[in-house]
>>> print(open('protein19.txt').read())   # compact mmCIF, C-alpha atoms
# COMPACT_ATOMS: atom_id res chain seq x y z
CA MET A 106 7.36 15.53 2.92
CA ALA A 107 4.20 13.45 3.25
CA ALA A 108 3.92 12.88 6.99
CA LYS A 109 5.64 14.99 9.60
CA PRO A 110 9.13 13.80 10.53
CA LYS A 111 9.39 12.44 14.07
CA LEU A 112 12.47 13.42 16.03
CA TYR A 113 13.66 11.33 18.95
CA TYR A 114 16.14 12.30 21.63
CA PHE A 115 16.39 13.06 25.32
CA ARG A 116 14.52 16.12 26.48
CA GLY A 117 17.06 18.90 26.35
CA ARG A 118 19.56 20.38 23.98
CA GLY A 119 21.86 17.86 22.35
CA ARG A 120 22.60 16.65 18.86
CA LYS A 121 18.93 16.84 18.04
CA GLU A 122 19.20 20.62 18.25
CA PHE A 123 21.04 20.71 14.91
CA VAL A 124 18.11 18.94 13.31
CA LEU A 125 15.55 21.21 14.99
CA TRP A 126 17.33 24.24 13.63
CA LEU A 127 17.48 22.87 10.12
CA LEU A 128 13.84 21.83 9.94
CA ALA A 129 12.67 25.02 11.59
CA ALA A 130 14.68 27.17 9.19
CA ALA A 131 13.24 25.23 6.26
CA GLY A 132 9.75 25.74 7.65
CA VAL A 133 9.11 22.01 8.00
CA GLU A 134 6.73 20.96 10.76
CA PHE A 135 7.81 18.02 12.85
CA GLU A 136 6.94 15.99 15.93
CA ASP A 137 9.36 16.39 18.80
CA GLU A 138 9.54 13.10 20.75
CA PHE A 139 11.51 12.49 23.91
CA PHE A 140 13.00 9.60 25.79
CA GLU A 141 12.17 10.06 29.41
CA THR A 142 12.34 6.54 30.74
CA ARG A 143 14.66 3.60 30.37
CA GLU A 144 11.71 1.55 29.14
CA GLN A 145 11.13 3.75 26.11
CA TYR A 146 14.79 3.43 25.17
CA GLU A 147 14.81 -0.33 25.64
CA LYS A 148 11.68 -0.69 23.54
CA LEU A 149 13.40 0.97 20.60
CA GLN A 150 16.37 -1.32 21.09
CA LYS A 151 14.12 -4.40 21.09
CA ASP A 152 12.37 -3.21 17.96
CA GLY A 153 15.76 -3.24 16.29
CA HIS A 154 15.79 0.46 15.55
CA LEU A 155 18.91 1.47 17.41
CA HIS A 156 21.45 0.34 14.89
CA PHE A 157 24.52 1.46 16.70
CA GLY A 158 23.04 1.97 20.12
CA GLN A 159 22.75 5.70 19.92
CA VAL A 160 19.62 7.65 20.74
CA HIS A 161 19.42 10.27 18.07
CA LEU A 162 16.76 9.08 15.69
CA VAL A 163 14.52 10.58 13.04
CA LYS A 164 11.59 8.78 11.45
CA ILE A 165 10.91 10.30 8.08
CA ASP A 166 9.67 9.24 4.64
CA GLY A 167 9.31 5.64 5.73
CA MET A 168 12.88 5.41 7.00
CA VAL A 169 14.47 5.34 10.43
CA LEU A 170 17.56 7.54 10.25
CA MET A 171 20.43 7.57 12.68
CA GLN A 172 23.77 9.32 12.94
CA THR A 173 23.45 13.05 13.25
CA ARG A 174 25.45 13.96 10.16
CA ALA A 175 23.55 11.48 7.99
CA ILE A 176 20.24 12.84 9.26
CA LEU A 177 21.30 16.41 8.59
CA GLY A 178 22.59 15.55 5.11
CA TYR A 179 19.28 13.96 4.16
CA LEU A 180 17.16 16.78 5.50
CA ALA A 181 19.31 19.48 3.94
CA ALA A 182 19.02 17.80 0.55
CA LYS A 183 15.26 17.34 0.87
CA CYS A 184 14.76 20.92 1.96
CA ASP A 185 16.85 22.20 -0.91
CA LEU A 186 19.46 23.66 1.44
CA SER A 187 22.50 21.74 0.22
CA GLY A 188 23.60 23.71 -2.79
CA LYS A 189 22.83 23.45 -6.48
CA ASP A 190 25.56 20.99 -7.47
CA LEU A 191 28.25 18.73 -6.08
CA LYS A 192 30.82 21.51 -5.77
CA GLU A 193 28.49 23.70 -3.72
CA ARG A 194 27.47 20.69 -1.68
CA VAL A 195 31.05 19.83 -0.77
CA GLY A 196 31.65 23.48 0.20
CA ILE A 197 28.61 23.38 2.45
CA ASN A 198 29.76 20.05 3.88
CA MET A 199 33.17 21.45 4.76
CA TYR A 200 31.69 24.45 6.55
CA THR A 201 29.12 22.40 8.43
CA ASP A 202 31.65 19.70 9.37
CA GLY A 203 33.92 22.34 10.84
CA ASN A 204 31.07 24.06 12.63
CA LEU A 205 29.74 20.79 13.99
CA ASP A 206 33.16 20.11 15.51
CA LEU A 207 32.88 23.41 17.38
CA MET A 208 29.29 22.94 18.47
CA MET A 209 29.90 19.37 19.61
CA MET A 210 32.45 20.82 22.02
CA MET A 211 29.79 23.15 23.38
CA ILE A 212 27.04 20.58 23.51
CA ALA A 213 28.63 17.20 23.95
CA VAL A 214 31.92 17.81 25.72
CA ALA A 215 32.06 20.82 27.99
CA PRO A 216 28.73 20.23 29.78
CA PHE A 217 29.86 16.73 30.74
CA GLU A 218 33.13 17.72 32.37
CA PRO A 219 33.36 17.31 36.14
CA PRO A 220 32.20 20.42 38.02
CA ASN A 221 35.70 21.64 38.77
CA LYS A 222 36.70 21.51 35.10
CA LYS A 223 33.49 22.69 33.50
CA GLU A 224 34.09 26.43 33.71
CA GLU A 225 37.56 26.05 32.25
CA SER A 226 36.20 23.89 29.49
CA PHE A 227 33.63 26.45 28.45
CA VAL A 228 36.25 29.20 28.49
CA LEU A 229 38.40 27.09 26.17
CA VAL A 230 35.54 26.50 23.76
CA VAL A 231 34.84 30.22 23.52
CA LYS A 232 38.52 30.85 22.93
CA LYS A 233 38.58 28.27 20.17
CA ALA A 234 35.54 29.85 18.58
CA LYS A 235 37.09 33.31 18.66
CA THR A 236 40.57 32.36 17.52
CA HIS A 237 39.99 29.43 15.23
CA TYR A 238 36.51 29.11 13.79
CA LEU A 239 34.86 32.54 13.68
CA PRO A 240 37.79 34.21 11.88
CA ILE A 241 37.43 31.63 9.11
CA PHE A 242 33.80 32.46 8.52
CA GLU A 243 34.46 36.20 8.78
CA LYS A 244 37.05 35.78 6.03
CA ILE A 245 34.70 33.80 3.82
CA LEU A 246 32.11 36.56 4.04
CA LYS A 247 34.77 39.21 3.47
CA ASP A 248 36.15 37.47 0.38
CA HIS A 249 32.90 37.25 -1.54
CA ARG A 250 30.86 40.02 0.11
CA GLU A 251 27.65 38.05 -0.29
CA ASP A 252 24.92 37.63 2.28
CA PHE A 253 25.21 33.86 2.51
CA LEU A 254 28.17 31.55 2.88
CA ILE A 255 27.84 29.67 -0.41
CA GLY A 256 26.38 30.25 -3.84
CA ASN A 257 24.72 33.49 -2.83
CA LYS A 258 21.82 31.47 -1.54
CA PHE A 259 20.54 30.47 1.89
CA SER A 260 21.81 27.01 2.79
CA TRP A 261 22.30 24.58 5.64
CA ALA A 262 25.74 26.13 6.22
CA ASP A 263 24.13 29.47 7.07
CA VAL A 264 21.65 27.88 9.48
CA GLN A 265 24.45 26.15 11.31
CA LEU A 266 26.69 29.16 11.49
CA LEU A 267 23.88 31.18 13.02
CA GLU A 268 23.24 28.38 15.48
CA ALA A 269 26.93 28.33 16.45
CA ILE A 270 27.02 32.11 16.86
CA LEU A 271 23.99 32.15 19.14
CA MET A 272 25.35 29.27 21.20
CA GLY A 273 28.64 31.12 21.48
CA GLU A 274 26.87 34.27 22.62
CA GLU A 275 25.13 32.32 25.38
CA LEU A 276 28.57 31.53 26.74
CA ASP A 277 30.12 34.93 26.02
CA ALA A 278 28.00 37.83 24.85
CA SER A 279 31.01 39.54 23.28
CA VAL A 280 31.99 36.59 21.10
CA LEU A 281 31.37 38.56 17.88
CA SER A 282 33.15 41.72 18.99
CA ASP A 283 36.00 41.31 16.49
CA PHE A 284 33.85 40.17 13.60
CA PRO A 285 31.86 42.96 11.94
CA LEU A 286 30.70 40.86 8.99
CA LEU A 287 29.46 38.07 11.24
CA LYS A 288 27.49 40.68 13.14
CA VAL A 289 25.80 41.62 9.88
CA PHE A 290 25.37 37.95 9.00
CA LYS A 291 23.46 37.49 12.24
CA HIS A 292 20.59 39.38 10.61
CA ILE A 293 19.52 36.15 8.97
CA SER A 294 17.77 35.68 12.31
CA ASN A 295 15.09 37.82 10.72
CA ILE A 296 14.23 35.28 8.07
CA PRO A 297 10.59 34.53 9.06
CA THR A 298 11.07 30.81 9.75
CA ILE A 299 14.15 31.45 11.86
CA LYS A 300 12.58 34.40 13.63
CA LYS A 301 9.68 32.16 14.62
CA PHE A 302 12.08 29.49 15.92
CA LEU A 303 13.83 32.06 18.10
CA GLN A 304 10.65 33.08 19.85
CA PRO A 305 9.54 31.63 23.19
CA GLY A 306 7.36 28.57 22.86
CA SER A 307 9.26 27.16 19.89
CA PRO A 308 10.88 23.68 20.05
CA LYS A 309 14.30 25.31 20.52
CA LYS A 310 15.90 24.02 23.71
CA PRO A 311 17.63 26.04 26.41
CA PRO A 312 21.22 25.28 27.35
CA ARG A 313 21.61 22.12 29.38
CA ASP A 314 20.95 22.27 33.05
CA SER A 315 22.09 19.83 35.70
CA HIS A 316 18.81 17.88 35.86
CA TYR A 317 19.03 17.00 32.22
CA LEU A 318 22.64 15.99 32.56
CA ASN A 319 21.96 13.57 35.38
CA PHE A 320 19.17 11.94 33.45
CA GLU A 321 21.20 11.55 30.31
CA GLU A 322 24.22 10.30 32.20
CA SER A 323 22.24 7.52 33.77
CA ASN A 324 20.73 6.66 30.41
CA LEU A 325 24.07 6.72 28.68
CA THR A 326 25.31 3.95 30.93
CA ILE A 327 22.77 1.59 29.41
CA LYS A 328 24.01 2.24 25.87
CA TYR A 329 26.34 -0.73 26.02
CA PRO A 330 24.46 -4.03 26.20
CA MET B 169 40.04 14.80 -13.97
CA ALA B 170 42.84 16.72 -15.63
CA GLU B 171 45.35 16.49 -12.82
CA LYS B 172 45.78 13.80 -10.26
CA PRO B 173 44.38 14.57 -6.81
CA LYS B 174 47.14 15.59 -4.43
CA LEU B 175 47.12 14.44 -0.82
CA HIS B 176 48.63 16.41 2.07
CA TYR B 177 49.31 14.38 5.23
CA PRO B 178 52.13 12.69 7.11
CA ASN B 179 53.43 9.43 5.72
CA GLY B 180 51.12 7.03 7.49
CA ARG B 181 47.52 5.98 7.84
CA GLY B 182 45.75 8.35 10.20
CA ARG B 183 42.69 10.10 8.86
CA MET B 184 43.94 10.13 5.30
CA GLU B 185 43.93 6.35 4.94
CA SER B 186 40.18 6.24 4.22
CA VAL B 187 40.73 8.71 1.40
CA ARG B 188 43.49 6.54 -0.06
CA TRP B 189 41.16 3.54 0.13
CA VAL B 190 38.32 5.29 -1.70
CA LEU B 191 40.51 6.74 -4.42
CA ALA B 192 42.13 3.35 -4.96
CA ALA B 193 38.80 1.53 -5.01
CA ALA B 194 37.53 4.04 -7.57
CA GLY B 195 40.60 3.39 -9.70
CA VAL B 196 41.79 6.98 -9.36
CA GLU B 197 45.51 7.57 -9.42
CA PHE B 198 46.67 10.14 -6.93
CA ASP B 199 49.76 12.10 -6.13
CA ALA B 200 51.09 11.35 -2.68
CA ARG B 201 54.73 12.17 -3.14
CA GLU B 202 55.04 14.94 -0.58
CA PHE B 203 54.41 13.90 2.97
CA LEU B 204 54.25 16.27 5.90
CA GLU B 205 57.31 15.60 8.01
CA THR B 206 57.97 18.85 9.83
CA LYS B 207 56.06 21.57 11.63
CA GLU B 208 57.43 24.05 9.12
CA GLN B 209 55.73 22.27 6.23
CA LEU B 210 52.39 22.39 8.04
CA GLN B 211 52.88 26.06 8.87
CA LYS B 212 53.63 26.80 5.24
CA LEU B 213 50.29 25.28 4.27
CA GLN B 214 48.51 27.18 7.04
CA GLU B 215 50.12 30.51 6.26
CA GLY B 216 49.48 30.09 2.56
CA ASN B 217 45.77 29.77 3.35
CA HIS B 218 45.58 26.33 1.85
CA LEU B 219 43.82 24.77 4.80
CA LEU B 220 40.31 26.00 5.51
CA PHE B 221 40.37 25.04 9.18
CA GLN B 222 44.17 24.99 9.44
CA GLN B 223 44.05 21.20 9.58
CA VAL B 224 44.90 18.22 7.44
CA PRO B 225 43.85 15.95 5.74
CA MET B 226 43.67 18.21 2.73
CA VAL B 227 43.15 16.98 -0.82
CA GLU B 228 43.69 19.15 -3.87
CA ILE B 229 41.15 17.97 -6.40
CA ASP B 230 39.23 19.53 -9.30
CA GLY B 231 40.58 22.97 -8.52
CA MET B 232 39.51 22.81 -4.87
CA LYS B 233 41.35 22.30 -1.64
CA LEU B 234 39.10 19.96 0.29
CA VAL B 235 39.38 19.47 4.04
CA GLN B 236 37.35 17.55 6.65
CA THR B 237 37.72 13.83 6.08
CA ARG B 238 34.00 13.21 5.72
CA SER B 239 33.55 15.94 3.14
CA ILE B 240 36.48 14.61 1.15
CA LEU B 241 35.12 11.07 1.23
CA HIS B 242 31.64 12.21 0.24
CA TYR B 243 32.93 14.21 -2.70
CA ILE B 244 35.03 11.38 -4.09
CA ALA B 245 32.22 8.88 -3.56
CA ALA B 246 29.69 11.11 -5.31
CA LYS B 247 32.03 11.71 -8.25
CA HIS B 248 32.78 8.04 -8.75
CA ASN B 249 29.39 6.44 -8.35
CA LEU B 250 30.11 5.10 -4.88
CA PHE B 251 27.28 6.89 -3.14
CA GLY B 252 24.16 5.07 -4.26
CA LYS B 253 21.71 5.85 -7.00
CA ASP B 254 19.48 8.32 -5.15
CA LEU B 255 19.14 10.33 -1.96
CA LYS B 256 17.70 7.44 0.05
CA GLU B 257 20.59 5.11 -0.83
CA ARG B 258 23.05 7.90 -0.22
CA THR B 259 21.62 8.46 3.24
CA LEU B 260 21.79 4.75 4.13
CA ILE B 261 25.40 4.66 2.96
CA ASP B 262 26.07 7.80 4.98
CA MET B 263 24.58 6.23 8.12
CA TYR B 264 26.70 3.11 7.79
CA VAL B 265 29.83 5.13 7.10
CA GLU B 266 29.22 7.36 10.11
CA GLY B 267 28.81 4.34 12.35
CA THR B 268 31.93 2.65 11.00
CA LEU B 269 33.95 5.86 11.31
CA ASP B 270 33.12 5.90 15.04
CA LEU B 271 34.81 2.52 15.31
CA LEU B 272 37.68 3.48 13.03
CA GLU B 273 38.32 6.51 15.22
CA MET B 274 39.41 4.19 18.03
CA ILE B 275 41.92 2.58 15.70
CA ILE B 276 43.24 5.94 14.51
CA MET B 277 43.77 7.21 18.05
CA HIS B 278 45.23 3.96 19.37
CA PRO B 279 48.94 4.56 18.64
CA PHE B 280 48.78 7.82 20.57
CA LEU B 281 47.58 6.33 23.81
CA LYS B 282 49.92 5.66 26.70
CA PRO B 283 51.46 2.18 26.37
CA ASP B 284 49.61 1.03 29.50
CA ASP B 285 46.29 2.03 27.98
CA GLN B 286 46.89 0.55 24.57
CA GLN B 287 46.16 -3.06 25.44
CA LYS B 288 43.00 -2.12 27.32
CA GLU B 289 41.86 -0.15 24.30
CA VAL B 290 42.33 -3.15 22.01
CA VAL B 291 39.91 -5.02 24.25
CA GLY B 292 37.56 -2.04 24.08
CA MET B 293 37.69 -1.95 20.30
CA ALA B 294 37.01 -5.65 20.06
CA GLN B 295 34.02 -5.36 22.36
CA LYS B 296 32.61 -2.40 20.52
CA ALA B 297 33.04 -4.10 17.15
CA ILE B 298 31.61 -7.43 18.24
CA ILE B 299 28.75 -6.17 20.36
CA ARG B 300 27.65 -3.01 18.64
CA TYR B 301 28.79 -2.75 15.03
CA PHE B 302 29.35 -6.14 13.45
CA PRO B 303 25.93 -7.51 14.39
CA VAL B 304 24.33 -4.64 12.49
CA PHE B 305 26.24 -5.30 9.30
CA GLU B 306 25.90 -9.06 9.63
CA LYS B 307 22.15 -8.60 9.89
CA ILE B 308 22.03 -6.34 6.84
CA LEU B 309 23.98 -8.78 4.69
CA ARG B 310 21.99 -11.75 5.94
CA GLY B 311 18.78 -9.84 5.36
CA HIS B 312 19.21 -9.02 1.67
CA GLY B 313 21.69 -11.71 0.71
CA GLN B 314 23.52 -9.35 -1.62
CA THR B 315 27.25 -8.86 -1.97
CA PHE B 316 27.26 -5.16 -1.07
CA LEU B 317 25.73 -3.29 1.84
CA VAL B 318 23.51 -0.93 -0.18
CA GLY B 319 21.87 -1.01 -3.57
CA ASN B 320 23.61 -4.11 -4.82
CA GLN B 321 26.70 -2.17 -5.87
CA LEU B 322 30.01 -1.14 -4.33
CA SER B 323 29.75 2.00 -2.22
CA LEU B 324 31.68 4.10 0.27
CA ALA B 325 30.04 2.05 3.04
CA ASP B 326 31.69 -1.16 1.81
CA ILE B 327 35.10 0.43 1.40
CA ILE B 328 35.19 2.00 4.86
CA LEU B 329 33.84 -1.16 6.48
CA LEU B 330 36.47 -3.32 4.77
CA GLN B 331 39.20 -0.89 5.80
CA THR B 332 37.99 -1.08 9.40
CA ILE B 333 37.65 -4.87 9.45
CA LEU B 334 41.16 -5.40 8.08
CA ALA B 335 42.65 -2.89 10.52
CA LEU B 336 40.92 -4.66 13.41
CA GLU B 337 42.09 -8.07 12.17
CA GLU B 338 45.67 -6.82 12.38
CA LYS B 339 45.19 -6.46 16.13
CA ILE B 340 42.58 -9.16 16.77
CA PRO B 341 42.97 -11.85 14.11
CA ASN B 342 39.80 -13.80 14.90
CA ILE B 343 37.52 -10.83 15.32
CA LEU B 344 35.10 -12.06 12.66
CA ALA B 345 34.82 -15.55 14.18
CA SER B 346 31.11 -15.21 14.95
CA PHE B 347 30.15 -13.43 11.76
CA PRO B 348 29.98 -15.79 8.77
CA PHE B 349 28.36 -13.26 6.44
CA LEU B 350 31.00 -10.65 7.22
CA GLN B 351 33.72 -13.23 6.64
CA GLU B 352 32.42 -13.97 3.18
CA TYR B 353 31.85 -10.28 2.55
CA THR B 354 35.45 -9.46 3.47
CA VAL B 355 36.76 -11.96 0.93
CA LYS B 356 34.43 -10.79 -1.84
CA ILE B 357 35.13 -7.08 -1.41
CA SER B 358 38.88 -7.68 -1.11
CA ASN B 359 38.78 -9.43 -4.48
CA ILE B 360 37.33 -6.53 -6.40
CA PRO B 361 40.18 -5.79 -8.85
CA THR B 362 40.94 -2.19 -7.78
CA ILE B 363 40.80 -3.13 -4.11
CA LYS B 364 42.82 -6.31 -4.67
CA ARG B 365 45.55 -4.20 -6.26
CA PHE B 366 45.47 -1.79 -3.32
CA LEU B 367 45.94 -4.71 -0.93
CA GLU B 368 49.05 -5.93 -2.73
CA PRO B 369 52.60 -4.88 -1.80
CA GLY B 370 53.82 -1.77 -3.55
CA SER B 371 50.46 -0.01 -3.49
CA LYS B 372 49.78 3.33 -1.82
CA LYS B 373 48.21 1.60 1.18
CA LYS B 374 50.13 2.51 4.31
CA PRO B 375 51.50 -0.02 6.83
CA PRO B 376 50.26 -0.12 10.44
CA PRO B 377 51.43 2.89 12.46
CA ASP B 378 54.85 2.48 14.07
CA ASP B 379 57.04 4.58 16.37
CA ILE B 380 58.40 6.62 13.48
CA TYR B 381 54.90 7.58 12.40
CA VAL B 382 53.89 8.52 15.95
CA ARG B 383 56.98 10.66 16.34
CA THR B 384 56.36 12.38 13.01
CA VAL B 385 52.83 13.21 14.01
CA TYR B 386 54.02 14.76 17.26
CA ASN B 387 56.67 16.72 15.38
CA VAL B 388 54.23 18.10 12.88
CA PHE B 389 51.21 18.81 15.06
CA MET B 390 52.34 19.54 18.59
CA PRO B 391 52.58 23.27 19.28
>>> encode(input="protein19.txt", output="structure tokens")
Amino acid sequence: MAAKPKLYYFRGRGRKEFVLWLLAAAGVEFEDEFFETREQYEKLQKDGHLHFGQVHLVKIDGMVLMQTRAILGYLAAKCDLSGKDLKERVGINMYTDGNLDLMMMMIAVAPFEPPNKKEESFVLVVKKAKTHYLPIFEKILKDHREDFLIGNKFSWADVQLLEAILMGEELDASVLSDFPLLKVFKHISNIPTIKKFLQPGSPKKPPRDSHYLNFEESNLTIKYP
Amino acid sequence: MAEKPKLHYPNGRGRMESVRWVLAAAGVEFDAREFLETKEQLQKLQEGNHLLFQQVPMVEIDGMKLVQTRSILHYIAAKHNLFGKDLKERTLIDMYVEGTLDLLEMIIMHPFLKPDDQQKEVVGMAQKAIIRYFPVFEKILRGHGQTFLVGNQLSLADIILLQTILALEEKIPNILASFPFLQEYTVKISNIPTIKRFLEPGSKKKPPPDDIYVRTVYNVFMP
């Protein structure tokens, strides 16, 4: 990529995190930009950049990309992490779509529940991970006995699965207790680019705290003109 | 393709309707004879390991069992030249489709709301369409003056947008009143021969969801 991609979002973990992971794993340098004031957000709106009113934006290769999945699809293809042909690509898409559903629950649903429901919500997400999603990926690894999910090659699907596992472990350290192959899979954390991303000082964001939530909540109310 | 793609879903629109639209627009015949009507049928698919995430839609195609609506749509679009000529066009199409699917989601969920909430939601859909989504597409069409949204040829973005516009018009007939370019666009895309055929009676297009469909969905999916 000619110039560094510029990533826009609120300060804090959100949908942008999926993009951070992907670019970091691919070893692509980027500029991490944040919305901190209403004025910044409104300026982007006035400039006509916020197509559908959302705030997840990536400026790259002369384009302004929106919609998390579209952004991820583009970056994965450019970084050669989306398989060698259409069949591998659709396999990767299915895995990442499923994983994104799970992670959206962790990132975009549970943290926004009212205080009295939040704990319960997180417990449910962990349960869903353990009973529904993780067994599927354990089985995939068991069936082909390869190191990576698809095509015996590191792909976007692997990055995302690792991301989901680590997010799950933040909520429940024992989330992988029934999944020996996923525990082995976790070693892809040692891939140099990923290892670097997991060290302090990287752009990786901590789990959401209440300050961030309040800010985003007040910003979200201005999404509708 | 040797065999026809086979669709697994209840007999109604839901999340599978977009897949029916794309296959029809691409001129691909598909096998939709068996509809899910009972919990037992779904369980049979789940227990037979036919559903990656234990969910439908599922489409058997080219020796694969594809799940996740988006992945299915992307695959069919890529196979049938409905995804642009290069990565940049594909990404633009993807962006537009993602946005439209957000709007379509409201339509898909609508029949399952409480009756008291349904009317309010129609107002919500109309507002969202008119304030947030339609202006974007109107601007794009006005900007390049071409028939199609991307790359001067039919793509997944056009098909999903047309599907969404027509579904909205069923509930709010004058929803395109302030959007002259989208009005013209709707007519032009509807007249593409494969799509025109799909819009005629007797095609595989499903009617608007009714009580029978809602009940079937509860039967099949509720634990």
>>> atom_distance(input="protein19.txt", atom1="atom CA of B:Leu175", atom2="atom CA of B:Ala200")
5.4 Å
>>> residues_around(input="protein19.txt", residues="B:Pro348", least_positions_apart="3", cutoff="12 Å", atoms="all atoms listed in the file", output="number ranges by chain")
B: 302-303, 305-307, 309-310, 342-345, 351-355
>>> interface_residues(input="protein19.txt", of="chain A", to="chain B", cutoff="6 Å", atoms="only C-alpha atoms", output="list in words")
Phe157, Gln172, Ala175, Asn198 and Met199 of chain A
>>> residues_around(input="protein19.txt", residues="A:Gly273", least_positions_apart="5", cutoff="9 Å", atoms="all atoms listed in the file", output="PyMOL selection string")
chain A and resi 208+211+230-231+234+268+278-281
>>> residues_around(input="protein19.txt", residues="stretch 190-197 of chain A", least_positions_apart="3", cutoff="7 Å", atoms="all atoms listed in the file", output="PyMOL selection string")
(chain A and resi 187+200-201+255-256+262) or (chain B and resi 239+243)
>>> write_last_selection(input="protein19.txt", atoms="C-alpha atoms", output="short mmCIF file (atom, residue, chain, number, x, y, z; two decimals), in the coordinates of the input")
data_model
loop_
_atom_site.label_atom_id
_atom_site.label_comp_id
_atom_site.auth_asym_id
_atom_site.auth_seq_id
_atom_site.Cartn_x
_atom_site.Cartn_y
_atom_site.Cartn_z
CA SER A 187 22.50 21.74 0.22
CA TYR A 200 31.69 24.45 6.55
CA THR A 201 29.12 22.40 8.43
CA ILE A 255 27.84 29.67 -0.41
CA GLY A 256 26.38 30.25 -3.84
CA ALA A 262 25.74 26.13 6.22
CA SER B 239 33.55 15.94 3.14
CA TYR B 243 32.93 14.21 -2.70
#
>>> atom_distance(input="protein19.txt", atom1="atom CA of B:Asp378", atom2="atom CA of B:Gly180")
8.8 Å
>>> closest_residue(input="protein19.txt", among="A:Ile241, A:Leu127, A:Leu170, A:Leu246", to="A:Asn204", atoms="all atoms listed in the file")
A:Ile241
>>> residues_near_point(input="protein19.txt", point="(10.2, 11.5, 16.2)", cutoff="10 Å", atoms="all atoms listed in the file", output="number ranges by chain")
A: 109-114, 135-139, 161-165, 169
>>> atom_distance(input="protein19.txt", atom1="atom CA of A:Leu186", atom2="atom CA of A:Trp261")
5.2 Å
>>> residues_around(input="protein19.txt", residues="A:Ile212", least_positions_apart="4", cutoff="8 Å", atoms="only C-alpha atoms", output="PDB file with C-alpha atoms, keeping the file's coordinate frame")
ATOM      1  CA  ARG A 118      19.560  20.380  23.980  1.00  0.00           C
ATOM      2  CA  GLY A 119      21.860  17.860  22.350  1.00  0.00           C
ATOM      3  CA  ARG A 120      22.600  16.650  18.860  1.00  0.00           C
ATOM      4  CA  MET A 208      29.290  22.940  18.470  1.00  0.00           C
ATOM      5  CA  PRO A 216      28.730  20.230  29.780  1.00  0.00           C
TER       6      PRO A 216
END
